[in-house]
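Participant: You'll find run-v5.txt just under this line, and it carries compact mmCIF, C-alpha atoms.
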# COMPACT_ATOMS: atom_id res chain seq x y z
CA MET A 1 -44.36 -39.06 1.68
CA GLY A 2 -41.04 -37.52 0.72
CA SER A 3 -38.07 -39.74 0.08
CA GLY A 4 -34.52 -39.01 1.17
CA HIS A 5 -33.63 -37.96 -2.38
CA ARG A 6 -36.49 -35.50 -2.50
CA THR A 7 -35.45 -33.96 0.83
CA VAL A 8 -31.86 -33.43 -0.29
CA HIS A 9 -33.09 -31.79 -3.48
CA ARG A 10 -35.49 -29.52 -1.61
CA LEU A 11 -32.93 -28.28 0.93
CA GLY A 12 -30.71 -27.20 -1.92
CA ARG A 13 -27.55 -25.13 -2.24
CA ARG A 14 -28.29 -22.79 0.65
CA PHE A 15 -28.59 -25.68 3.01
CA GLY A 16 -25.20 -26.88 1.74
CA TRP A 17 -23.56 -23.56 2.67
CA LEU A 18 -25.07 -23.59 6.15
CA TRP A 19 -24.30 -27.22 6.72
CA GLY A 20 -20.70 -26.62 5.66
CA ALA A 21 -20.49 -23.59 7.95
CA TYR A 22 -21.73 -25.62 10.90
CA GLY A 23 -19.37 -28.52 10.19
CA THR A 24 -16.40 -26.17 9.92
CA SER A 25 -17.02 -24.40 13.22
CA ALA A 26 -17.84 -27.68 15.00
CA LEU A 27 -14.58 -29.23 13.79
CA GLY A 28 -12.66 -26.15 14.95
CA THR A 29 -14.25 -26.41 18.39
CA TRP A 30 -13.28 -30.06 18.78
CA LEU A 31 -9.76 -29.44 17.46
CA ALA A 32 -9.30 -26.98 20.32
CA PHE A 33 -10.99 -29.23 22.89
CA GLY A 34 -9.06 -28.88 26.17
CA ALA A 35 -6.74 -26.19 24.77
CA PHE A 36 -7.60 -23.53 27.36
CA PRO A 37 -6.88 -25.77 30.40
CA LEU A 38 -3.64 -26.89 28.77
CA ILE A 39 -2.59 -23.29 28.14
CA ALA A 40 -3.49 -22.38 31.71
CA ILE A 41 -1.44 -25.29 33.10
CA ARG A 42 1.56 -25.35 30.76
CA VAL A 43 1.96 -21.68 29.88
CA LEU A 44 0.53 -19.84 32.89
CA HIS A 45 1.23 -22.53 35.54
CA ALA A 46 -2.31 -22.25 36.90
CA GLY A 47 -3.50 -24.40 39.79
CA PRO A 48 -6.55 -26.70 39.99
CA ALA A 49 -8.90 -23.97 41.26
CA GLU A 50 -8.02 -21.64 38.39
CA VAL A 51 -8.40 -24.41 35.80
CA ALA A 52 -11.81 -25.34 37.21
CA ALA A 53 -12.85 -21.67 37.04
CA LEU A 54 -12.19 -21.60 33.31
CA SER A 55 -15.16 -23.90 32.72
CA SER A 56 -17.53 -23.29 35.63
CA VAL A 57 -17.13 -19.55 36.23
CA ALA A 58 -16.81 -18.68 32.55
CA ALA A 59 -19.95 -20.67 31.69
CA ALA A 60 -21.97 -19.09 34.51
CA VAL A 61 -20.86 -15.52 33.77
CA GLY A 62 -21.28 -16.05 30.03
CA ALA A 63 -24.82 -17.26 30.63
CA ALA A 64 -25.59 -14.17 32.74
CA VAL A 65 -24.18 -11.87 30.05
CA ALA A 66 -26.36 -13.59 27.43
CA VAL A 67 -29.64 -13.04 29.35
CA PRO A 68 -30.48 -9.61 27.81
CA LEU A 69 -29.39 -10.71 24.35
CA GLY A 70 -32.41 -13.01 23.78
CA PRO A 71 -35.00 -10.20 23.61
CA TRP A 72 -32.51 -8.08 21.67
CA VAL A 73 -32.06 -10.79 19.03
CA GLU A 74 -35.83 -11.33 18.72
CA VAL A 75 -36.45 -7.96 17.01
CA ARG A 76 -33.51 -8.16 14.60
CA ARG A 77 -32.73 -10.06 11.45
CA LYS A 78 -31.14 -13.32 12.52
CA ARG A 79 -28.62 -13.90 9.72
CA PRO A 80 -26.57 -10.75 10.53
CA VAL A 81 -26.65 -11.76 14.22
CA LEU A 82 -25.28 -15.20 13.34
CA ILE A 83 -22.46 -13.65 11.32
CA ALA A 84 -21.72 -11.13 14.08
CA MET A 85 -21.50 -13.83 16.76
CA ASP A 86 -19.11 -15.86 14.62
CA LEU A 87 -16.93 -12.78 14.11
CA VAL A 88 -17.02 -11.96 17.83
CA ARG A 89 -15.76 -15.46 18.64
CA PHE A 90 -13.12 -15.22 15.88
CA ALA A 91 -11.80 -11.90 17.21
CA ALA A 92 -11.90 -12.96 20.88
CA LEU A 93 -10.04 -16.21 20.28
CA LEU A 94 -7.37 -14.53 18.16
CA THR A 95 -6.35 -12.38 21.11
CA ILE A 96 -4.96 -15.52 22.78
CA PRO A 97 -2.24 -16.35 20.22
CA ALA A 98 -1.52 -12.63 19.77
CA ALA A 99 -0.92 -12.14 23.50
CA PHE A 100 1.05 -15.40 23.65
CA ALA A 101 3.33 -14.26 20.83
CA LEU A 102 3.93 -10.95 22.60
CA GLY A 103 4.55 -12.65 25.93
CA VAL A 104 1.71 -10.83 27.70
CA LEU A 105 -0.89 -13.62 28.02
CA THR A 106 -2.56 -13.77 31.45
CA PHE A 107 -5.07 -16.04 33.16
CA LEU A 108 -7.53 -13.14 33.37
CA GLN A 109 -7.46 -12.84 29.58
CA LEU A 110 -8.19 -16.56 29.21
CA LEU A 111 -11.12 -16.19 31.57
CA LEU A 112 -12.52 -13.10 29.81
CA VAL A 113 -12.24 -14.76 26.39
CA SER A 114 -14.05 -17.82 27.78
CA VAL A 115 -16.87 -15.57 29.03
CA VAL A 116 -17.18 -13.78 25.67
CA VAL A 117 -17.22 -17.05 23.74
CA ALA A 118 -19.81 -18.58 26.11
CA ALA A 119 -22.15 -15.57 25.74
CA ALA A 120 -21.70 -15.54 21.95
CA ASP A 121 -22.43 -19.30 21.81
CA ILE A 122 -25.76 -18.84 23.60
CA THR A 123 -26.73 -15.89 21.42
CA PHE A 124 -25.78 -17.78 18.27
CA ARG A 125 -27.91 -20.77 19.25
CA ALA A 126 -30.90 -18.56 19.99
CA ALA A 127 -30.61 -16.71 16.67
CA SER A 128 -30.01 -19.87 14.66
CA GLY A 129 -33.13 -21.56 16.01
CA ALA A 130 -35.24 -18.51 15.12
CA TYR A 131 -33.63 -18.35 11.67
CA LEU A 132 -34.36 -22.02 11.07
CA LYS A 133 -37.96 -21.67 12.24
CA THR A 134 -38.57 -18.77 9.85
CA LEU A 135 -36.85 -20.08 6.74
CA LEU A 136 -37.40 -23.83 6.72
CA PRO A 137 -40.74 -25.56 6.10
CA ALA A 138 -41.93 -27.48 9.14
CA GLU A 139 -41.69 -30.84 7.37
CA ASP A 140 -37.93 -30.33 6.81
CA LEU A 141 -37.00 -29.39 10.39
CA LEU A 142 -36.26 -32.93 11.51
CA VAL A 143 -34.21 -33.67 8.38
CA ALA A 144 -32.02 -30.63 9.03
CA ASN A 145 -31.63 -31.27 12.76
CA ALA A 146 -30.70 -34.90 12.14
CA ARG A 147 -28.00 -33.85 9.67
CA PHE A 148 -26.57 -31.32 12.08
CA GLU A 149 -26.58 -33.93 14.85
CA SER A 150 -24.81 -36.39 12.55
CA THR A 151 -22.20 -33.75 11.70
CA ALA A 152 -21.72 -32.91 15.37
CA TRP A 153 -20.90 -36.52 16.24
CA THR A 154 -18.66 -36.92 13.19
CA THR A 155 -16.56 -33.92 14.24
CA THR A 156 -16.51 -35.32 17.79
CA ILE A 157 -14.87 -38.47 16.44
CA ILE A 158 -12.38 -36.66 14.20
CA GLY A 159 -11.61 -33.47 16.11
CA PRO A 160 -10.04 -34.49 19.46
CA PRO A 161 -7.51 -37.01 18.04
CA LEU A 162 -6.52 -34.56 15.29
CA GLY A 163 -6.34 -31.72 17.80
CA GLY A 164 -4.22 -33.87 20.09
CA ALA A 165 -1.77 -34.47 17.26
CA VAL A 166 -1.60 -30.73 16.51
CA ILE A 167 -1.04 -29.95 20.19
CA GLY A 168 1.75 -32.53 20.30
CA LEU A 169 3.49 -30.95 17.29
CA LEU A 170 2.72 -27.23 17.66
CA GLY A 171 1.28 -26.71 21.14
CA PRO A 172 -2.25 -25.84 22.34
CA VAL A 173 -2.15 -22.25 21.06
CA ALA A 174 -2.13 -23.57 17.48
CA THR A 175 -5.50 -25.27 17.99
CA VAL A 176 -6.95 -21.99 19.32
CA VAL A 177 -5.90 -20.37 16.05
CA ALA A 178 -7.63 -23.17 14.13
CA ASP A 179 -10.78 -22.69 16.20
CA ALA A 180 -10.76 -18.94 15.54
CA VAL A 181 -10.35 -19.46 11.80
CA SER A 182 -13.22 -21.95 11.80
CA TYR A 183 -15.56 -19.23 13.08
CA LEU A 184 -14.40 -16.87 10.34
CA LEU A 185 -15.09 -19.55 7.72
CA SER A 186 -18.48 -20.19 9.33
CA ALA A 187 -19.35 -16.49 9.07
CA LEU A 188 -18.39 -16.49 5.39
CA GLY A 189 -20.50 -19.61 4.80
CA ILE A 190 -23.57 -18.08 6.45
CA ARG A 191 -23.06 -14.89 4.45
CA ALA A 192 -22.89 -16.94 1.24
CA THR A 193 -26.38 -18.35 1.82
CA GLY A 194 -27.83 -15.04 0.59
CA GLY A 195 -31.55 -14.48 0.31
CA HIS A 196 -33.83 -11.86 1.82
CA GLU A 197 -34.80 -12.00 5.46
CA PRO A 198 -37.69 -9.74 6.50
CA LEU A 199 -37.20 -7.52 9.53
CA PRO A 200 -39.26 -8.88 12.47
CA GLU A 201 -42.11 -6.72 13.65
CA ARG A 202 -41.01 -4.60 16.59
CA PRO A 203 -43.19 -4.43 19.68
CA ALA A 204 -44.93 -1.18 20.50
CA ALA A 205 -42.35 -0.40 23.19
CA THR A 206 -38.99 -0.14 21.45
CA ARG A 207 -36.95 0.15 24.65
CA MET A 208 -36.21 -3.06 26.50
CA ARG A 209 -37.82 -3.32 29.93
CA ALA A 210 -36.56 -5.36 32.86
CA GLY A 211 -39.55 -7.69 32.48
CA ASP A 212 -38.57 -8.48 28.90
CA LEU A 213 -35.54 -10.39 30.18
CA LEU A 214 -37.86 -13.01 31.70
CA ASP A 215 -40.13 -13.47 28.67
CA GLY A 216 -38.37 -16.64 27.52
CA TRP A 217 -38.78 -18.32 30.90
CA ARG A 218 -42.42 -17.19 31.16
CA TYR A 219 -43.18 -18.68 27.76
CA ILE A 220 -41.55 -22.00 28.66
CA LEU A 221 -43.10 -22.33 32.10
CA THR A 222 -46.63 -21.57 30.95
CA ASP A 223 -46.52 -24.15 28.15
CA THR A 224 -47.58 -27.61 29.30
CA THR A 225 -45.34 -29.34 26.76
CA LEU A 226 -42.21 -27.17 26.89
CA ARG A 227 -42.13 -26.98 30.69
CA PRO A 228 -41.44 -30.69 31.42
CA LEU A 229 -39.01 -30.93 28.49
CA PHE A 230 -37.18 -27.86 29.82
CA PHE A 231 -36.72 -29.33 33.30
CA ASN A 232 -35.80 -32.73 31.86
CA THR A 233 -33.00 -31.42 29.65
CA ALA A 234 -31.63 -29.01 32.27
CA LEU A 235 -31.45 -31.74 34.93
CA PHE A 236 -30.21 -34.49 32.60
CA ASN A 237 -27.46 -32.35 31.02
CA GLY A 238 -26.43 -30.90 34.37
CA LEU A 239 -26.09 -34.26 36.12
CA LEU A 240 -24.30 -35.80 33.16
CA MET A 241 -21.79 -32.94 32.94
CA ALA A 242 -21.27 -33.03 36.71
CA THR A 243 -19.88 -36.57 36.52
CA GLN A 244 -17.24 -35.84 33.88
CA PRO A 245 -14.55 -34.31 36.14
CA LEU A 246 -15.12 -37.05 38.72
CA LEU A 247 -14.79 -39.76 36.09
CA ALA A 248 -11.55 -38.17 34.90
CA VAL A 249 -10.21 -38.20 38.47
CA LEU A 250 -11.27 -41.82 38.93
CA MET A 251 -9.92 -43.13 35.63
CA LEU A 252 -6.72 -41.09 35.34
CA GLY A 253 -5.92 -41.22 39.05
CA ARG A 254 -7.03 -44.18 41.10
CA LEU A 255 -7.56 -46.64 38.23
CA GLY A 256 -4.36 -45.74 36.40
CA PHE A 257 -5.66 -45.29 32.85
CA THR A 258 -3.38 -43.38 30.49
CA PRO A 259 -4.58 -40.16 28.79
CA TRP A 260 -4.87 -41.92 25.41
CA GLN A 261 -7.04 -44.65 26.95
CA TYR A 262 -9.24 -42.03 28.61
CA GLY A 263 -9.60 -40.17 25.30
CA LEU A 264 -10.38 -43.40 23.43
CA ALA A 265 -13.10 -44.28 25.95
CA PHE A 266 -15.06 -41.19 24.94
CA ALA A 267 -14.07 -40.67 21.31
CA ALA A 268 -14.78 -44.19 20.00
CA PRO A 269 -18.39 -44.37 21.31
CA SER A 270 -19.25 -41.18 19.39
CA ILE A 271 -19.97 -43.47 16.44
CA GLY A 272 -23.16 -44.28 18.35
CA GLY A 273 -24.27 -40.65 18.03
CA LEU A 274 -23.67 -40.79 14.30
CA LEU A 275 -25.78 -43.95 13.97
CA GLY A 276 -28.50 -42.65 16.27
CA SER A 277 -28.87 -39.40 14.38
CA ARG A 278 -29.28 -41.33 11.12
CA LEU A 279 -32.14 -43.31 12.65
CA ALA A 280 -33.92 -40.34 14.26
CA ARG A 281 -36.00 -39.36 11.23
CA PRO A 282 -37.08 -42.89 10.18
CA LEU A 283 -38.07 -43.68 13.75
CA ALA A 284 -40.01 -40.43 14.15
CA THR A 285 -41.76 -41.03 10.83
CA ARG A 286 -42.83 -44.52 11.85
CA PHE A 287 -43.66 -44.07 15.53
CA GLY A 288 -44.20 -40.31 15.90
CA GLN A 289 -42.00 -37.68 17.50
CA HIS A 290 -43.52 -37.93 20.97
CA GLN A 291 -43.05 -41.69 21.16
CA VAL A 292 -39.42 -41.44 20.08
CA LEU A 293 -38.83 -38.65 22.62
CA ALA A 294 -40.32 -40.71 25.43
CA VAL A 295 -38.49 -43.95 24.62
CA ALA A 296 -35.10 -42.48 23.69
CA GLY A 297 -35.30 -40.03 26.60
CA ALA A 298 -35.95 -42.89 29.01
CA LEU A 299 -33.29 -45.18 27.56
CA ARG A 300 -30.55 -42.54 27.67
CA ALA A 301 -31.10 -42.18 31.43
CA LEU A 302 -30.40 -45.89 32.09
CA TRP A 303 -26.73 -45.89 31.07
CA PRO A 304 -24.75 -43.41 33.25
CA VAL A 305 -25.20 -45.34 36.53
CA GLY A 306 -23.00 -48.04 35.00
CA LEU A 307 -20.00 -45.69 35.16
CA ALA A 308 -19.94 -46.12 38.95
CA PHE A 309 -18.78 -49.73 38.45
CA VAL A 310 -15.75 -49.04 36.25
CA GLY A 311 -12.66 -50.96 37.30
CA PRO A 312 -9.01 -51.05 36.20
CA GLY A 313 -7.59 -52.67 33.11
CA THR A 314 -9.16 -53.71 29.83
CA GLY A 315 -12.43 -54.75 31.44
CA GLY A 316 -12.92 -51.31 32.97
CA LEU A 317 -12.09 -49.60 29.69
CA LEU A 318 -14.57 -51.78 27.79
CA LEU A 319 -17.24 -51.02 30.39
CA VAL A 320 -16.82 -47.27 29.90
CA VAL A 321 -16.85 -47.67 26.10
CA GLY A 322 -20.01 -49.80 26.25
CA VAL A 323 -21.85 -47.43 28.60
CA GLU A 324 -20.87 -44.38 26.57
CA LEU A 325 -21.82 -46.11 23.31
CA GLY A 326 -25.33 -46.87 24.58
CA LEU A 327 -25.73 -43.41 26.10
CA ILE A 328 -24.51 -41.55 23.02
CA PHE A 329 -26.60 -43.69 20.66
CA CYS A 330 -29.76 -42.82 22.60
CA CYS A 331 -28.75 -39.15 22.69
CA GLY A 332 -28.15 -39.26 18.94
CA VAL A 333 -31.75 -40.38 18.42
CA PHE A 334 -33.20 -38.04 21.06
CA ASN A 335 -31.44 -34.75 20.26
CA PRO A 336 -32.66 -33.98 16.70
CA VAL A 337 -36.22 -35.03 17.57
CA TYR A 338 -36.11 -32.91 20.73
CA ALA A 339 -34.75 -29.88 18.83
CA THR A 340 -37.46 -30.22 16.19
CA TYR A 341 -40.22 -30.81 18.75
CA ARG A 342 -39.17 -27.68 20.66
CA LEU A 343 -39.04 -25.50 17.54
CA GLU A 344 -42.43 -26.68 16.31
CA ARG A 345 -43.99 -25.96 19.69
CA THR A 346 -42.53 -22.43 20.03
CA ALA A 347 -44.21 -19.52 18.27
CA THR A 348 -41.99 -17.90 15.65
CA ASP A 349 -41.93 -14.51 17.38
CA ARG A 350 -40.74 -16.11 20.63
CA VAL A 351 -38.05 -18.51 19.41
CA ALA A 352 -34.94 -16.38 20.07
CA ARG A 353 -35.79 -15.43 23.64
CA THR A 354 -37.09 -18.94 24.42
CA LEU A 355 -33.94 -20.67 23.13
CA SER A 356 -31.79 -18.08 24.88
CA ALA A 357 -33.54 -18.74 28.21
CA TRP A 358 -33.19 -22.49 27.58
CA ALA A 359 -29.46 -22.27 26.88
CA VAL A 360 -28.81 -19.93 29.82
CA THR A 361 -30.57 -22.32 32.21
CA THR A 362 -28.77 -25.37 30.82
CA LYS A 363 -25.34 -23.76 31.16
CA ALA A 364 -26.09 -22.38 34.62
CA SER A 365 -27.48 -25.70 35.91
CA SER A 366 -24.46 -27.57 34.51
CA ALA A 367 -22.08 -25.15 36.23
CA LEU A 368 -23.98 -25.37 39.54
CA LEU A 369 -24.29 -29.17 39.55
CA THR A 370 -20.64 -29.59 38.54
CA ALA A 371 -19.63 -27.49 41.55
CA VAL A 372 -21.97 -29.43 43.88
CA TRP A 373 -20.73 -32.79 42.63
CA GLY A 374 -17.16 -31.64 43.04
CA VAL A 375 -17.88 -31.17 46.75
CA LEU A 376 -19.72 -34.50 46.92
CA GLY A 377 -16.80 -36.19 45.21
CA SER A 378 -14.46 -34.83 47.87
CA LEU A 379 -16.75 -35.94 50.70
CA LEU A 380 -17.99 -39.30 49.41
CA GLY A 381 -15.35 -40.24 46.85
CA PRO A 382 -15.69 -39.96 43.05
CA ARG A 383 -17.20 -43.42 42.55
CA THR A 384 -20.02 -42.85 45.05
CA ALA A 385 -20.75 -39.39 43.67
CA ILE A 386 -20.90 -40.77 40.11
CA GLY A 387 -23.29 -43.49 41.29
CA LEU A 388 -25.51 -40.92 43.03
CA ALA A 389 -25.75 -38.86 39.84
CA GLY A 390 -26.60 -42.03 37.90
CA VAL A 391 -29.42 -42.91 40.30
CA LEU A 392 -30.87 -39.39 40.07
CA LEU A 393 -30.67 -39.57 36.27
CA LEU A 394 -32.94 -42.61 36.39
CA ALA A 395 -35.73 -40.30 37.56
CA THR A 396 -35.36 -37.75 34.72
CA PRO A 397 -37.74 -39.59 32.31
CA LEU A 398 -40.56 -38.66 34.71
CA LEU A 399 -40.09 -35.06 33.54
CA LEU A 400 -40.60 -35.83 29.85
CA PRO A 401 -43.89 -34.67 28.24
CA ARG A 402 -46.54 -37.32 28.88
CA ARG A 403 -48.62 -36.64 25.79
CA ALA A 404 -48.01 -35.42 22.27
CA ALA A 405 -47.99 -31.65 21.85
CA ALA A 406 -50.96 -29.93 20.33
CA HIS A 407 -50.26 -27.32 17.73
CA PRO A 408 -49.42 -23.90 19.18
CA SER A 409 -52.53 -21.84 19.79
CA GLN A 410 -51.30 -18.83 17.89
CA PRO A 411 -50.81 -19.05 14.13
CA GLU A 412 -47.33 -19.45 12.78
CA PRO A 413 -46.04 -17.11 10.09
CA ALA A 414 -45.35 -18.90 6.85
CA PRO A 415 -41.72 -19.28 5.80
CA SER A 416 -40.55 -16.24 3.87
CA PRO A 417 -40.44 -16.70 0.11
CA ALA A 418 -37.05 -17.13 -1.45
CA PRO A 419 -35.81 -17.75 -5.00
CA ALA A 420 -34.00 -20.93 -3.86
CA PRO A 421 -35.16 -23.81 -1.67
CA ALA A 422 -35.46 -23.03 2.04
CA ARG A 423 -32.61 -23.96 4.34
CA PRO A 424 -31.72 -24.22 8.04
CA ALA A 425 -29.26 -22.35 10.15
CA GLN A 426 -26.70 -23.88 12.45
CA PRO A 427 -28.23 -25.57 15.48
Would you mind writing the structure in this file as structure tokens?

Facilitator:
Amino acid sequence: MGSGHRTVHRLGRRFGWLWGAYGTSALGTWLAFGAFPLIAIRVLHAGPAEVAALSSVAAAVGAAVAVPLGPWVEVRRKRPVLIAMDLVRFAALLTIPAAFALGVLTFLQLLLVSVVVAAADITFRAASGAYLKTLLPAEDLLVANARFESTAWTTTIIGPPLGGAVIGLLGPVATVVADAVSYLLSALGIRATGGHEPLPERPAATRMRAGDLLDGWRYILTDTTLRPLFFNTALFNGLLMATQPLLAVLMLGRLGFTPWQYGLAFAAPSIGGLLGSRLARPLATRFGQHQVLAVAGALRALWPVGLAFVGPGTGGLLLVVGVELGLIFCCGVFNPVYATYRLERTATDRVARTLSAWAVTTKASSALLTAVWGVLGSLLGPRTAIGLAGVLLLATPLLLPRRAAAHPSQPEPAPSPAPAPARPAQP
């Protein structure tokens, strides 16, 4: 069995470039966390409905725009697509500070940029999964996904406080510039990986048909292992995201927490994600991927209902920190194993459209459930609505795969030969 030292050596320099590219763009994203709502409120004097539209409407429209891009990505080399999506996000985000400097920034521009970035995010994720599946040996998938998960949680810890300091000194537009530059640096890092990527075989029909848009969903829904995992993640992520605005209203409004206390309650527990991601591979090696998925997936569903009992003062703050720490730790274990499990189960020539369909559904379900829970929060109160979401989350483990996946029925193409060790793309 390979040791940690052997794995690092095998992933090599190319992995280092891609890992650095991912870390750079992830840090940029967290630096700019909350920048668009702040710009809308402080610069454009937008109201609550407009601010809510920036996240819900932009995510839903971005997901719809990304639907035809999955089949399109499938028949193209993935590395140029990754670079192109980074450059699209770089260019789109730069229009914000440019318009601000010229005094012509509008809410419509913020919304359109949000849509473009959301669609490019989905396309990037679909292409990166396919790139990873092609270039990295199967035994290294979990190592790579665990490292990306660890990096994601590290930037979650560092980014928001640093971004908050930048916003305090220079304003929210400065963090948008930093986010844009991070995508440019990511594109340069992916380009620096080099190597030859073979052109995927094109299907007999070169023109896209309407039915091709549904191929990703067909593949997921006809697979006995992917189907329950698909519904589990869409429902879990959607319900979890739906509670965030309500928790903000509860903590910052009725319970009287300050913004720095609210930020601390979610930033500090991210250390749990870092620890969980470090344990994901050893646990999967000892107990098997399916067992870790089942246990971590069940444990992560137990925590959110506790948020319905948050009270004022130090005790309430410690309760939120404790719940989030447990939740994020379980997610840190679950996520890299889940990403690896999904990639291993999906045939190489279907990865891009499958991941695209997955991401579109996740974003759309999150947007829909957030809107529904906003109404429930108005009718029942935020605490009751949070508790209802927590109770429903307790049922999500029933949707996890009940048995370990068999190997895909169709043969997988071998990773393409390269002069340097194989490496992953950004998750």

Participant: Which residue is closest to Ala91 of chain A? Choose from A:Leu108, A:Val181, A:Val295, A:Ala60 and count all atoms listed in the file.

Facilitator: A:Val181

Participant: Which one of A:Ala46, A:Ala284, A:Glu344, A:Val116 sits closest to Leu87 of chain A if you count only C-alpha atoms?

Facilitator: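 The closest residue to Leu87 of chain A is A:Val116.
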
Participant: Looking at A:Thr361, A:Ser25, A:Thr175, A:Ser277, which one is nearest to Thr233 of chain A, with distances taken over only C-alpha atoms?

Facilitator: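 So, comparing all the options, the nearest one is A:Thr361.
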
Participant: Quick check, in Å to one decimal: how far apart do atom CA of Ser365 of chain A and atom CA of Ala234 of chain A lie?

Facilitator: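 Atom CA of Ala234 of chain A lies at a distance of 6.4 Å from atom CA of Ser365 of chain A.
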
Participant: Pick the closest to Leu132 of chain A from A:Phe230, A:Phe15, A:Phe33, A:Phe90: which is it, counting only C-alpha atoms?

Facilitator: A:Phe15

Participant: May I ask for the distance between atom CA of Ser128 of chain A and atom CA of Leu82 of chain A, given in Å to one decimal place?

Facilitator: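 The value is 6.8 Å.
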
Participant: Just the number, please: distance in Å from atom CA of Ala359 of chain A to atom CA of Arg191 of chain A, one decimal.

Facilitator: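 It comes out at 24.5 Å.
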
Participant: Which residue, A:Gly297, A:Pro37, A:Pro172, A:Gly159, has the smallest gap to Arg402 of chain A when you use only C-alpha atoms?

Facilitator: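 Among the listed residues, A:Gly297 lies closest to Arg402 of chain A.
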
Participant: Would you please work out which residue, of A:Ala99, A:Val351, A:Leu54, A:Ala32, is nearest to Ser114 of chain A when using all atoms listed in the file?

Facilitator: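 Ranked by minimum distance to Ser114 of chain A, first place goes to A:Leu54.
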
Participant: Give me, as an MDAnalysis selection string, all polymer residues having an atom no more than 7 Å from segment 140-146 of chain A, counting all atoms listed in the file and skipping those fewer than 4 positions away in the same chain.

Facilitator: chainID A and resid 136 150 277:278 280:281 336:337 339:340 424

Participant: Which residues are close to Pro312 of chain A, i.e. within 9 Å by all atoms listed in the file, leaving aside same-chain residues fewer than 4 positions away? Reply as a list in words.

Facilitator: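 In the requested form, the answer reads Met251, Arg254, Leu255, Gly256, Phe257, Gly316 and Leu317 of chain A.
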
Participant: Contacts of Asp215 of chain A at 9 Å or less, counting only C-alpha atoms, minus same-chain residues fewer than 4 places along, as number ranges by chain?

Facilitator: A: 71, 211, 219-220, 350, 353-354, 357

Participant: Within 12 Å of Gly163 of chain A, counting all atoms listed in the file, which residues show up once you throw out same-chain ones fewer than 5 positions away? Write them as an MDAnalysis selection string, please.

Facilitator: chainID A and resid 27:35 155:158 168:179 263

Participant: Using all atoms listed in the file, find all polymer residues with an atom at most 9 Å away from the point (-31.1, -45.0, 28.0); report them as a list of chain:residue names.

Facilitator: A:Val295, A:Ala296, A:Gly297, A:Ala298, A:Leu299, A:Arg300, A:Ala301, A:Leu302, A:Trp303, A:Pro304, A:Gly326, A:Leu327, A:Ile328, A:Phe329, A:Cys330, A:Cys331, A:Leu394

Participant: Tyr22 of chain A: which residues within 10 Å, counting only C-alpha atoms, same-chain residues fewer than 6 positions away excluded, as a list of chain:residue names?

Facilitator: A:Gly16, A:Gly28, A:Phe148, A:Thr151, A:Ala152, A:Ser182, A:Tyr183, A:Leu185, A:Ser186, A:Ala187, A:Gly189, A:Ile190, A:Ala425, A:Gln426, A:Pro427

Participant: Now that the selection is made, can you save its residues with C-alpha atoms as a compact mmCIF listing (two decimals), keeping the file's coordinate frame?

Facilitator:
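Output contents, as saved in selection.txt:
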# COMPACT_ATOMS: atom_id res chain seq x y z
CA GLY A 16 -25.20 -26.88 1.74
CA GLY A 28 -12.66 -26.15 14.95
CA PHE A 148 -26.57 -31.32 12.08
CA THR A 151 -22.20 -33.75 11.70
CA ALA A 152 -21.72 -32.91 15.37
CA SER A 182 -13.22 -21.95 11.80
CA TYR A 183 -15.56 -19.23 13.08
CA LEU A 185 -15.09 -19.55 7.72
CA SER A 186 -18.48 -20.19 9.33
CA ALA A 187 -19.35 -16.49 9.07
CA GLY A 189 -20.50 -19.61 4.80
CA ILE A 190 -23.57 -18.08 6.45
CA ALA A 425 -29.26 -22.35 10.15
CA GLN A 426 -26.70 -23.88 12.45
CA PRO A 427 -28.23 -25.57 15.48

Participant: If you take every atom of segment 289-293 of chain A that the file lists and fit an axis-aligned box around them with 4 Å extra on each side, what centre and edge lengths come out in Å to one decimal, as JSON?

Facilitator:
{"center_x": -41.2, "center_y": -39.7, "center_z": 20.1, "size_x": 12.7, "size_y": 12.0, "size_z": 13.1}
